[in-house]
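Q: File query-v9.cif below, mmCIF, C-alpha atoms and all ligand atoms:
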```cif
data_entry
#
loop_
_atom_site.group_PDB
_atom_site.id
_atom_site.type_symbol
_atom_site.label_atom_id
_atom_site.label_comp_id
_atom_site.auth_asym_id
_atom_site.auth_seq_id
_atom_site.Cartn_x
_atom_site.Cartn_y
_atom_site.Cartn_z
ATOM 1 C CA MET I 4 -5.406 17.094 11.234
ATOM 2 C CA ALA I 5 -3.700 15.232 8.410
ATOM 3 C CA LEU I 6 -0.922 12.892 9.529
ATOM 4 C CA LEU I 7 0.618 12.349 6.094
ATOM 5 C CA LYS I 8 0.661 15.122 3.519
ATOM 6 C CA LEU I 9 1.872 15.514 -0.033
ATOM 7 C CA ASP I 10 1.797 19.130 -1.108
ATOM 8 C CA SER I 11 2.233 19.864 -4.854
ATOM 9 C CA VAL I 12 4.758 17.069 -5.148
ATOM 10 C CA SER I 13 6.490 16.372 -8.448
ATOM 11 C CA LEU I 14 9.009 13.692 -9.275
ATOM 12 C CA THR I 15 11.158 13.286 -12.368
ATOM 13 C CA TYR I 16 13.573 10.375 -12.133
ATOM 14 C CA PRO I 17 17.184 11.227 -13.050
ATOM 15 C CA GLY I 18 17.651 10.818 -16.797
ATOM 16 C CA ASP I 19 13.893 10.839 -17.543
ATOM 17 C CA ASP I 20 12.434 13.667 -19.596
ATOM 18 C CA ARG I 21 8.877 13.100 -18.381
ATOM 19 C CA PRO I 22 7.769 13.414 -14.756
ATOM 20 C CA ALA I 23 6.435 10.282 -13.057
ATOM 21 C CA ILE I 24 4.412 12.479 -10.688
ATOM 22 C CA ALA I 25 3.275 16.041 -11.307
ATOM 23 C CA ASP I 26 1.741 18.393 -8.779
ATOM 24 C CA LEU I 27 0.364 15.659 -6.536
ATOM 25 C CA SER I 28 -1.464 16.807 -3.425
ATOM 26 C CA LEU I 29 -2.997 14.397 -0.958
ATOM 27 C CA ALA I 30 -3.667 14.379 2.784
ATOM 28 C CA ILE I 31 -4.205 11.268 4.887
ATOM 29 C CA GLU I 32 -5.740 11.464 8.342
ATOM 30 C CA GLN I 33 -4.412 9.691 11.446
ATOM 31 C CA GLY I 34 -6.001 6.226 11.533
ATOM 32 C CA GLU I 35 -7.324 6.479 8.002
ATOM 33 C CA PHE I 36 -7.204 3.627 5.502
ATOM 34 C CA LEU I 37 -6.629 5.155 2.092
ATOM 35 C CA ALA I 38 -6.497 3.104 -1.102
ATOM 36 C CA VAL I 39 -4.848 4.377 -4.269
ATOM 37 C CA VAL I 40 -5.980 3.044 -7.634
ATOM 38 C CA GLY I 41 -4.878 4.103 -11.084
ATOM 39 C CA PRO I 42 -3.648 2.842 -14.422
ATOM 40 C CA SER I 43 -0.334 1.046 -14.728
ATOM 41 C CA GLY I 44 2.609 3.448 -14.722
ATOM 42 C CA CYS I 45 0.680 6.354 -13.189
ATOM 43 C CA GLY I 46 3.106 6.724 -10.288
ATOM 44 C CA LYS I 47 1.484 4.730 -7.474
ATOM 45 C CA SER I 48 4.688 2.904 -6.474
ATOM 46 C CA SER I 49 6.628 6.125 -6.910
ATOM 47 C CA THR I 50 4.264 7.761 -4.395
ATOM 48 C CA ILE I 51 5.045 4.965 -1.915
ATOM 49 C CA GLY I 52 8.777 5.474 -2.562
ATOM 50 C CA LEU I 53 8.402 9.195 -1.824
ATOM 51 C CA LEU I 54 6.408 8.665 1.372
ATOM 52 C CA ALA I 55 8.797 5.925 2.502
ATOM 53 C CA GLY I 56 11.639 8.406 2.082
ATOM 54 C CA LEU I 57 13.363 6.115 -0.421
ATOM 55 C CA THR I 58 13.067 8.579 -3.322
ATOM 56 C CA PRO I 59 13.535 12.344 -2.985
ATOM 57 C CA ALA I 60 10.864 14.564 -4.571
ATOM 58 C CA THR I 61 11.969 16.889 -7.368
ATOM 59 C CA SER I 62 9.729 19.614 -5.948
ATOM 60 C CA GLY I 63 6.951 20.015 -3.412
ATOM 61 C CA LEU I 64 6.717 19.005 0.225
ATOM 62 C CA LEU I 65 5.987 15.697 1.952
ATOM 63 C CA THR I 66 5.321 15.692 5.673
ATOM 64 C CA LEU I 67 4.541 13.237 8.434
ATOM 65 C CA ASN I 68 3.117 14.922 11.519
ATOM 66 C CA ASP I 69 4.195 18.246 10.006
ATOM 67 C CA ASN I 70 7.838 17.080 9.801
ATOM 68 C CA PRO I 71 9.392 16.888 6.320
ATOM 69 C CA ILE I 72 9.960 13.350 5.047
ATOM 70 C CA LEU I 73 13.606 13.205 4.010
ATOM 71 C CA ALA I 74 14.612 9.586 4.666
ATOM 72 C CA PRO I 75 13.165 6.191 5.672
ATOM 73 C CA GLY I 76 12.265 5.904 9.355
ATOM 74 C CA PRO I 77 10.786 3.500 11.927
ATOM 75 C CA ASP I 78 7.549 5.526 11.838
ATOM 76 C CA ARG I 79 6.761 4.051 8.386
ATOM 77 C CA ALA I 80 6.644 0.350 7.495
ATOM 78 C CA VAL I 81 6.571 -0.656 3.845
ATOM 79 C CA VAL I 82 5.264 -3.897 2.354
ATOM 80 C CA PHE I 83 6.026 -4.616 -1.301
ATOM 81 C CA GLN I 84 4.474 -7.150 -3.625
ATOM 82 C CA ASP I 85 7.615 -9.279 -3.716
ATOM 83 C CA TYR I 86 7.581 -10.262 -0.011
ATOM 84 C CA SER I 87 11.105 -8.901 0.610
ATOM 85 C CA LEU I 88 11.959 -11.454 3.318
ATOM 86 C CA PHE I 89 15.518 -12.432 4.203
ATOM 87 C CA PRO I 90 15.887 -15.778 2.394
ATOM 88 C CA TRP I 91 18.545 -17.040 4.792
ATOM 89 C CA MET I 92 16.311 -16.680 7.836
ATOM 90 C CA THR I 93 13.360 -18.830 8.885
ATOM 91 C CA ALA I 94 9.896 -17.255 9.142
ATOM 92 C CA LEU I 95 10.411 -16.955 12.905
ATOM 93 C CA ASP I 96 13.860 -15.386 12.588
ATOM 94 C CA ASN I 97 12.612 -12.889 9.991
ATOM 95 C CA ILE I 98 10.110 -11.612 12.548
ATOM 96 C CA ILE I 99 12.482 -11.747 15.514
ATOM 97 C CA PHE I 100 14.936 -9.696 13.456
ATOM 98 C CA ALA I 101 12.272 -7.021 12.802
ATOM 99 C CA LEU I 102 11.331 -6.913 16.490
ATOM 100 C CA LYS I 103 14.956 -6.468 17.506
ATOM 101 C CA GLU I 104 15.683 -3.910 14.782
ATOM 102 C CA SER I 105 12.754 -1.771 15.878
ATOM 103 C CA CYS I 106 13.657 -2.243 19.552
ATOM 104 C CA GLN I 107 10.196 -3.718 20.195
ATOM 105 C CA ALA I 108 11.568 -6.758 22.009
ATOM 106 C CA THR I 109 14.676 -8.856 22.513
ATOM 107 C CA GLY I 110 15.543 -12.367 23.704
ATOM 108 C CA LYS I 111 12.692 -14.564 24.888
ATOM 109 C CA ALA I 112 10.126 -11.773 24.613
ATOM 110 C CA ALA I 113 10.981 -11.289 20.918
ATOM 111 C CA ARG I 114 10.632 -15.017 20.287
ATOM 112 C CA GLN I 115 7.269 -15.117 22.017
ATOM 113 C CA GLU I 116 5.975 -12.042 20.204
ATOM 114 C CA ALA I 117 7.174 -13.422 16.847
ATOM 115 C CA LYS I 118 5.372 -16.698 17.514
ATOM 116 C CA LYS I 119 2.211 -14.786 18.427
ATOM 117 C CA LEU I 120 2.367 -12.799 15.180
ATOM 118 C CA LEU I 121 2.939 -15.924 13.097
ATOM 119 C CA ASP I 122 0.028 -17.539 14.870
ATOM 120 C CA MET I 123 -2.155 -14.521 14.016
ATOM 121 C CA VAL I 124 -1.330 -14.941 10.335
ATOM 122 C CA GLY I 125 -2.095 -18.683 10.527
ATOM 123 C CA LEU I 126 1.470 -19.942 10.215
ATOM 124 C CA SER I 127 2.182 -21.475 13.614
ATOM 125 C CA SER I 128 3.142 -24.783 11.964
ATOM 126 C CA TYR I 129 5.610 -23.119 9.603
ATOM 127 C CA ILE I 130 7.723 -20.996 11.915
ATOM 128 C CA HIS I 131 10.943 -22.896 11.206
ATOM 129 C CA LYS I 132 10.539 -22.879 7.410
ATOM 130 C CA TYR I 133 12.682 -20.737 5.158
ATOM 131 C CA PRO I 134 10.964 -18.423 2.636
ATOM 132 C CA SER I 135 11.885 -20.798 -0.211
ATOM 133 C CA GLU I 136 9.961 -23.577 1.561
ATOM 134 C CA LEU I 137 6.762 -21.512 1.779
ATOM 135 C CA SER I 138 4.079 -20.795 -0.835
ATOM 136 C CA GLY I 139 3.674 -17.275 -2.224
ATOM 137 C CA GLY I 140 0.636 -16.610 -0.011
ATOM 138 C CA MET I 141 2.506 -17.854 3.058
ATOM 139 C CA ARG I 142 5.524 -15.689 2.277
ATOM 140 C CA GLN I 143 3.235 -12.699 1.987
ATOM 141 C CA ARG I 144 1.733 -13.562 5.370
ATOM 142 C CA VAL I 145 5.206 -13.585 6.912
ATOM 143 C CA ALA I 146 6.004 -10.262 5.214
ATOM 144 C CA ILE I 147 2.836 -8.729 6.642
ATOM 145 C CA ALA I 148 3.504 -10.173 10.100
ATOM 146 C CA ARG I 149 7.041 -8.816 9.923
ATOM 147 C CA ALA I 150 5.801 -5.372 8.933
ATOM 148 C CA PHE I 151 3.309 -5.358 11.789
ATOM 149 C CA ALA I 152 6.050 -6.516 14.181
ATOM 150 C CA LEU I 153 7.512 -3.058 13.639
ATOM 151 C CA ASP I 154 4.336 -1.569 15.156
ATOM 152 C CA ALA I 155 4.799 1.583 13.069
ATOM 153 C CA PRO I 156 2.098 4.254 13.068
ATOM 154 C CA VAL I 157 2.079 4.342 9.243
ATOM 155 C CA TYR I 158 1.904 1.444 6.787
ATOM 156 C CA LEU I 159 2.681 1.906 3.106
ATOM 157 C CA LEU I 160 1.502 -1.135 1.201
ATOM 158 C CA ASP I 161 2.401 -1.483 -2.455
ATOM 159 C CA GLU I 162 0.103 -4.112 -3.946
ATOM 160 C CA PRO I 163 0.862 -6.502 -1.105
ATOM 161 C CA PHE I 164 -1.581 -9.121 -2.403
ATOM 162 C CA GLY I 165 -0.835 -8.723 -6.100
ATOM 163 C CA ALA I 166 0.813 -12.125 -6.463
ATOM 164 C CA VAL I 167 -1.617 -14.023 -4.245
ATOM 165 C CA ASP I 168 -4.520 -16.176 -5.479
ATOM 166 C CA ALA I 169 -8.141 -15.091 -4.923
ATOM 167 C CA LYS I 170 -8.783 -17.298 -1.856
ATOM 168 C CA ASN I 171 -5.625 -16.290 -0.021
ATOM 169 C CA ARG I 172 -6.209 -12.697 -1.008
ATOM 170 C CA VAL I 173 -9.548 -12.632 0.794
ATOM 171 C CA SER I 174 -8.038 -13.979 4.021
ATOM 172 C CA LEU I 175 -5.046 -11.626 3.789
ATOM 173 C CA GLN I 176 -7.412 -8.672 3.392
ATOM 174 C CA ASP I 177 -9.225 -9.688 6.574
ATOM 175 C CA LEU I 178 -5.915 -10.183 8.331
ATOM 176 C CA LEU I 179 -4.846 -6.698 7.324
ATOM 177 C CA LEU I 180 -8.038 -5.222 8.786
ATOM 178 C CA GLN I 181 -7.394 -7.139 11.995
ATOM 179 C CA LEU I 182 -3.827 -5.818 12.251
ATOM 180 C CA TRP I 183 -4.932 -2.292 11.345
ATOM 181 C CA ALA I 184 -6.877 -2.039 14.579
ATOM 182 C CA ALA I 185 -4.702 -4.304 16.750
ATOM 183 C CA ASN I 186 -3.122 -3.002 19.980
ATOM 184 C CA GLY I 187 -5.801 -0.350 20.498
ATOM 185 C CA THR I 188 -4.302 2.338 18.281
ATOM 186 C CA GLN I 189 -5.455 2.471 14.711
ATOM 187 C CA LYS I 190 -2.643 2.559 12.166
ATOM 188 C CA THR I 191 -2.662 4.875 9.186
ATOM 189 C CA ILE I 192 -2.574 2.867 5.979
ATOM 190 C CA LEU I 193 -1.945 3.744 2.359
ATOM 191 C CA LEU I 194 -2.640 0.757 0.127
ATOM 192 C CA VAL I 195 -1.845 0.704 -3.579
ATOM 193 C CA THR I 196 -4.020 -1.762 -5.438
ATOM 194 C CA HIS I 197 -5.257 -2.556 -8.932
ATOM 195 C CA ASP I 198 -8.343 -4.187 -7.494
ATOM 196 C CA ILE I 199 -11.338 -1.840 -7.097
ATOM 197 C CA ASP I 200 -13.240 -4.422 -5.035
ATOM 198 C CA GLU I 201 -10.286 -4.712 -2.651
ATOM 199 C CA ALA I 202 -10.200 -0.924 -2.303
ATOM 200 C CA LEU I 203 -13.951 -0.765 -1.649
ATOM 201 C CA TYR I 204 -13.796 -3.560 0.923
ATOM 202 C CA LEU I 205 -10.829 -2.197 2.845
ATOM 203 C CA ALA I 206 -10.589 1.566 2.554
ATOM 204 C CA ASP I 207 -12.201 4.613 4.115
ATOM 205 C CA ARG I 208 -11.353 6.623 1.032
ATOM 206 C CA ILE I 209 -10.093 5.849 -2.457
ATOM 207 C CA ALA I 210 -7.796 8.178 -4.390
ATOM 208 C CA VAL I 211 -8.074 7.661 -8.133
ATOM 209 C CA PHE I 212 -4.875 8.669 -9.952
ATOM 210 C CA THR I 213 -4.642 10.005 -13.494
ATOM 211 C CA PRO I 214 -2.460 8.155 -16.024
ATOM 212 C CA GLY I 215 1.189 9.283 -15.704
ATOM 213 C CA PRO I 216 2.324 11.781 -14.692
ATOM 214 C CA GLY I 217 0.423 10.860 -11.566
ATOM 215 C CA ARG I 218 -1.799 13.173 -9.614
ATOM 216 C CA VAL I 219 -5.132 12.706 -7.897
ATOM 217 C CA LEU I 220 -8.049 12.803 -10.296
ATOM 218 C CA LYS I 221 -10.626 12.361 -7.563
ATOM 219 C CA THR I 222 -10.926 11.002 -4.030
ATOM 220 C CA VAL I 223 -14.040 9.034 -3.250
ATOM 221 C CA ALA I 224 -15.313 8.380 0.284
ATOM 222 C CA VAL I 225 -16.342 4.775 0.987
ATOM 223 C CA PRO I 226 -19.529 5.081 3.053
ATOM 224 C CA PHE I 227 -19.920 1.513 4.362
ATOM 225 C CA SER I 228 -19.819 0.911 8.111
ATOM 226 C CA ARG I 229 -17.446 -1.651 9.617
ATOM 227 C CA PRO I 230 -17.180 -4.562 9.991
ATOM 228 C CA ARG I 231 -17.998 -4.977 6.325
ATOM 229 C CA ARG I 232 -19.356 -8.216 4.983
ATOM 230 C CA ARG I 233 -18.448 -9.032 1.413
ATOM 231 C CA PHE I 234 -21.635 -10.887 0.629
ATOM 232 C CA PHE I 235 -23.881 -7.979 1.592
ATOM 233 C CA LEU I 236 -21.523 -5.285 0.383
ATOM 234 C CA VAL I 237 -21.533 -6.356 -3.256
ATOM 235 C CA GLN I 238 -25.315 -6.338 -3.272
ATOM 236 C CA ASP I 239 -25.562 -2.805 -1.925
ATOM 237 C CA PRO I 240 -26.672 -0.431 -4.725
ATOM 238 C CA ARG I 241 -24.203 2.188 -3.411
ATOM 239 C CA TYR I 242 -21.391 -0.332 -3.874
ATOM 240 C CA VAL I 243 -22.355 -0.962 -7.491
ATOM 241 C CA GLU I 244 -22.660 2.788 -8.093
ATOM 242 C CA LEU I 245 -19.257 3.583 -6.525
ATOM 243 C CA ARG I 246 -17.562 0.743 -8.378
ATOM 244 C CA ASN I 247 -18.987 1.990 -11.676
ATOM 245 C CA GLU I 248 -17.954 5.554 -10.871
ATOM 246 C CA ILE I 249 -14.336 4.531 -10.231
ATOM 247 C CA LEU I 250 -14.244 2.296 -13.300
ATOM 248 C CA SER I 251 -15.568 5.033 -15.532
ATOM 249 C CA LEU I 252 -13.084 7.559 -14.064
ATOM 250 C CA LEU I 253 -10.246 5.186 -14.912
ATOM 251 C CA GLN I 254 -11.577 4.364 -18.357
ATOM 252 C CA LYS I 255 -12.282 7.989 -19.275
ATOM 253 C CA GLU I 256 -8.744 9.034 -18.380
ATOM 254 C CA ILE I 257 -7.182 6.155 -20.254
ATOM 255 C CA LEU I 258 -9.301 6.856 -23.347
ATOM 256 C CA GLU I 259 -8.452 10.563 -23.237
ATOM 257 C CA GLU I 260 -4.747 9.815 -22.955
ATOM 258 C CA LEU I 261 -4.940 7.368 -25.865
ATOM 259 C CA GLN I 262 -6.670 10.022 -27.966
ATOM 260 C CA GLN I 263 -3.919 12.518 -27.115
ATOM 261 C CA VAL I 264 -1.147 10.063 -27.970
ATOM 262 C CA GLU I 265 -2.804 9.056 -31.224
ATOM 263 C CA GLY I 266 -3.585 12.681 -32.081
ATOM 264 C CA GLY I 267 0.038 13.653 -31.321
ATOM 265 C CA ALA I 268 1.315 10.873 -33.549
ATOM 266 C CA GLY I 269 -0.881 12.172 -36.344
ATOM 267 C CA ILE I 270 -2.953 8.997 -36.603
HETATM 268 N N1 LIG F 301 13.560 3.903 -10.564
HETATM 269 C C1 LIG F 301 13.007 4.467 -11.640
HETATM 270 N N2 LIG F 301 13.775 5.129 -12.537
HETATM 271 C C2 LIG F 301 13.240 5.718 -13.624
HETATM 272 N N3 LIG F 301 11.925 5.727 -13.905
HETATM 273 C C3 LIG F 301 11.105 5.075 -13.055
HETATM 274 C C4 LIG F 301 11.607 4.417 -11.880
HETATM 275 N N4 LIG F 301 10.552 3.859 -11.219
HETATM 276 C C5 LIG F 301 9.462 4.164 -11.948
HETATM 277 N N5 LIG F 301 9.779 4.885 -13.041
HETATM 278 C C6 LIG F 301 8.851 5.433 -14.030
HETATM 279 O O1 LIG F 301 7.910 6.236 -13.345
HETATM 280 C C7 LIG F 301 6.612 6.043 -13.873
HETATM 281 C C8 LIG F 301 5.677 5.606 -12.763
HETATM 282 O O2 LIG F 301 6.062 4.298 -12.331
HETATM 283 P P1 LIG F 301 5.412 3.625 -11.051
HETATM 284 O O3 LIG F 301 6.086 2.312 -10.865
HETATM 285 O O4 LIG F 301 5.420 4.572 -9.937
HETATM 286 O O5 LIG F 301 3.909 3.422 -11.546
HETATM 287 P P2 LIG F 301 2.742 2.480 -10.959
HETATM 288 O O6 LIG F 301 1.509 3.287 -11.044
HETATM 289 O O7 LIG F 301 3.135 1.953 -9.639
HETATM 290 O O8 LIG F 301 2.726 1.317 -12.043
HETATM 291 P P3 LIG F 301 2.169 -0.197 -11.901
HETATM 292 O O9 LIG F 301 0.718 -0.096 -11.576
HETATM 293 O O10 LIG F 301 2.419 -0.776 -13.272
HETATM 294 O O11 LIG F 301 2.979 -0.858 -10.831
HETATM 295 C C9 LIG F 301 6.734 5.024 -15.012
HETATM 296 O O12 LIG F 301 6.821 5.751 -16.216
HETATM 297 C C10 LIG F 301 8.042 4.337 -14.706
HETATM 298 O O13 LIG F 301 8.678 3.925 -15.894
#
```
The structure in this file should be written as structure tokens.
Ligand SMILES: Nc1ncnc2c1ncn2[C@@H]1O[C@H](COP(=O)(O)OP(=O)(O)OP(=O)(O)O)[C@@H](O)[C@H]1O

A:
Amino acid sequence: MALLKLDSVSLTYPGDDRPAIADLSLAIEQGEFLAVVGPSGCGKSSTIGLLAGLTPATSGLLTLNDNPILAPGPDRAVVFQDYSLFPWMTALDNIIFALKESCQATGKAARQEAKKLLDMVGLSSYIHKYPSELSGGMRQRVAIARAFALDAPVYLLDEPFGAVDAKNRVSLQDLLLQLWAANGTQKTILLVTHDIDEALYLADRIAVFTPGPGRVLKTVAVPFSRPRRRFFLVQDPRYVELRNEILSLLQKEILEELQQVEGGAGI
């Protein structure tokens, strides 16, 4: 049974005359890792905002475990591209705060758990640093550790590695896979990314969005067993085929939209 569901969801932001999302339907299974790719402005972040309960849908139904999503809740953790850490707290205190907020732990236990999480993300020597004293990749590690401190069943990740360099990105991807399966229960993850290789490395399924207004053009199953190894993956003919399929889906849609715009403008 699907854990997260969007059923014919549309969203027009107040004051806009064009919908950001139109008739979007998508179902995500418990424990599934779904990646969403699509052209810029197609409504990927808006979809995260809807599922997070931060933005109300104009029409349609969003559910988590068959319950309508109407507001943010501790059952969904969100990670944005811009780290969103409290700048006045050290790395350790950012995590302790999340543990206390989500009633996961208090006092000494919270401190110990926060240290463990920072150790997992490779930052045990930086626990007393403030966000401004950390590099972008390190800040993103803290943000991910903080999100996983919440131990939510659902993770909504909006380009969490967008601002991170290629080397750090690879290790953050592996870290995410590690956290996905940590504590015995597999989380349900929706990851928005611009990077097709990232989607193919991480996800069970990839939803390709149309240019705005966003809806699902096609979902593609990623057939590779886990653990996946980058070196072998990229040499697999199925990988090359899938990558080309997704690229051509994206390019075809963009070209068709351009033709429509140019046709409409009488060019
Ligand atoms: N708060 C907002 N108010 C009004 N319009 C918005 C708002 N947020 C997004 N939009 C519009 O909704 C559409 C979809 O934006 P969204 O950020 O969801 O796309 P995206 O696919 O995440 O883009 P990108 O890949 O560039 O991050 C765009 O036309 C954008 O201008």

Q: Atom CA of I:Thr50 to atom CA of I:Met123: how many Å, to one decimal?

A: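 According to the coordinates, atom CA of I:Thr50 and atom CA of I:Met123 are separated by 29.6 Å.
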
Q: All residues within 9 Å of ligand LIG 301 (chain F) are required, counting all atoms listed in the file; please report them as JSON, numbers by chain.

A: {"I": [14, 15, 16, 17, 18, 19, 21, 22, 23, 24, 40, 41, 42, 43, 44, 45, 46, 47, 48, 49, 50, 51, 52, 58, 161, 162, 195, 196, 197, 212, 214, 215, 216, 217]}

Q: Residue by residue, what does the PyMOL selection byres (((chain I and resi 38) around 6) and not hetatm) grab here? Present the result as number ranges by chain.

A: I: 37, 39, 193-195, 202, 206, 209

Q: For stretch 102-112 of chain I, work out the shell of residues within 8 Å, counting only C-alpha atoms and skipping chain neighbours fewer than 5 positions away, then give it as a list of chain:residue names.

A: I:Pro77, I:Ala117, I:Ala152, I:Leu153

Q: Please produce a file of the residues just selected, as an mmCIF file, in the coordinates of the input, where the atoms kept are C-alpha atoms.

A:
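Wrote it out as again05.cif, contents follow:
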```
data_model
loop_
_atom_site.group_PDB
_atom_site.id
_atom_site.type_symbol
_atom_site.label_atom_id
_atom_site.label_comp_id
_atom_site.auth_asym_id
_atom_site.auth_seq_id
_atom_site.Cartn_x
_atom_site.Cartn_y
_atom_site.Cartn_z
ATOM 1 C CA PRO I 77 10.786 3.500 11.927
ATOM 2 C CA ALA I 117 7.174 -13.422 16.847
ATOM 3 C CA ALA I 152 6.050 -6.516 14.181
ATOM 4 C CA LEU I 153 7.512 -3.058 13.639
#
```

Q: Which residues are near stretch 227-244 of chain I? Cut-off 12 Å, all atoms listed in the file, ignore same chain within fewer than 6 positions. Put them as an mmCIF file with C-alpha atoms, in the frame of the given file.

A:
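Writing done, so here's part.cif:
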```
data_model
loop_
_atom_site.group_PDB
_atom_site.id
_atom_site.type_symbol
_atom_site.label_atom_id
_atom_site.label_comp_id
_atom_site.auth_asym_id
_atom_site.auth_seq_id
_atom_site.Cartn_x
_atom_site.Cartn_y
_atom_site.Cartn_z
ATOM 1 C CA VAL I 173 -9.548 -12.632 0.794
ATOM 2 C CA SER I 174 -8.038 -13.979 4.021
ATOM 3 C CA GLN I 176 -7.412 -8.672 3.392
ATOM 4 C CA ASP I 177 -9.225 -9.688 6.574
ATOM 5 C CA LEU I 180 -8.038 -5.222 8.786
ATOM 6 C CA GLN I 181 -7.394 -7.139 11.995
ATOM 7 C CA ALA I 184 -6.877 -2.039 14.579
ATOM 8 C CA ILE I 199 -11.338 -1.840 -7.097
ATOM 9 C CA ASP I 200 -13.240 -4.422 -5.035
ATOM 10 C CA GLU I 201 -10.286 -4.712 -2.651
ATOM 11 C CA ALA I 202 -10.200 -0.924 -2.303
ATOM 12 C CA LEU I 203 -13.951 -0.765 -1.649
ATOM 13 C CA TYR I 204 -13.796 -3.560 0.923
ATOM 14 C CA LEU I 205 -10.829 -2.197 2.845
ATOM 15 C CA ALA I 206 -10.589 1.566 2.554
ATOM 16 C CA ASP I 207 -12.201 4.613 4.115
ATOM 17 C CA ARG I 208 -11.353 6.623 1.032
ATOM 18 C CA LEU I 250 -14.244 2.296 -13.300
ATOM 19 C CA SER I 251 -15.568 5.033 -15.532
#
```

Q: Which polymer residues have any atom within 10 Å of an atom of I:Ile72, counting all atoms listed in the file, with same-chain residues fewer than 3 positions away left out, as a list in words?

A: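 Using all atoms listed in the file, the neighbours found are Leu7, Lys8, Leu9, Leu53, Leu54, Ala55, Gly56, Leu57, Pro59, Ala60, Leu64, Leu65, Thr66, Leu67, Asn68, Asp69, Pro75 and Gly76 of chain I.
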
Q: Go ahead and compute the interatomic distance for atom CA of I:Ala224 and atom CA of I:Gly63, in Å to one decimal.

A: 25.4 Å

Q: Find the smallest box with edges along x, y and z containing every listed atom of stretch 201-217 of chain I, then add 8 Å on each side and report centre and edge lengths in Å to one decimal, as JSON.

A:
```
{"center_x": -5.8, "center_y": 3.5, "center_z": -6.0, "size_x": 32.3, "size_y": 32.5, "size_z": 36.1}
```

Q: Determine the nearest neighbour of I:Gly139 from the options I:Leu126, I:Ala166, I:Ala113, I:Ile192, counting only C-alpha atoms.

A: I:Ala166

Q: Would you please work out which residue, of I:Ser138, I:Ile249, I:Phe89, I:Leu120, is nearest to I:Asp168 when using only C-alpha atoms?

A: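 Closest residue, counting only C-alpha atoms: I:Ser138.
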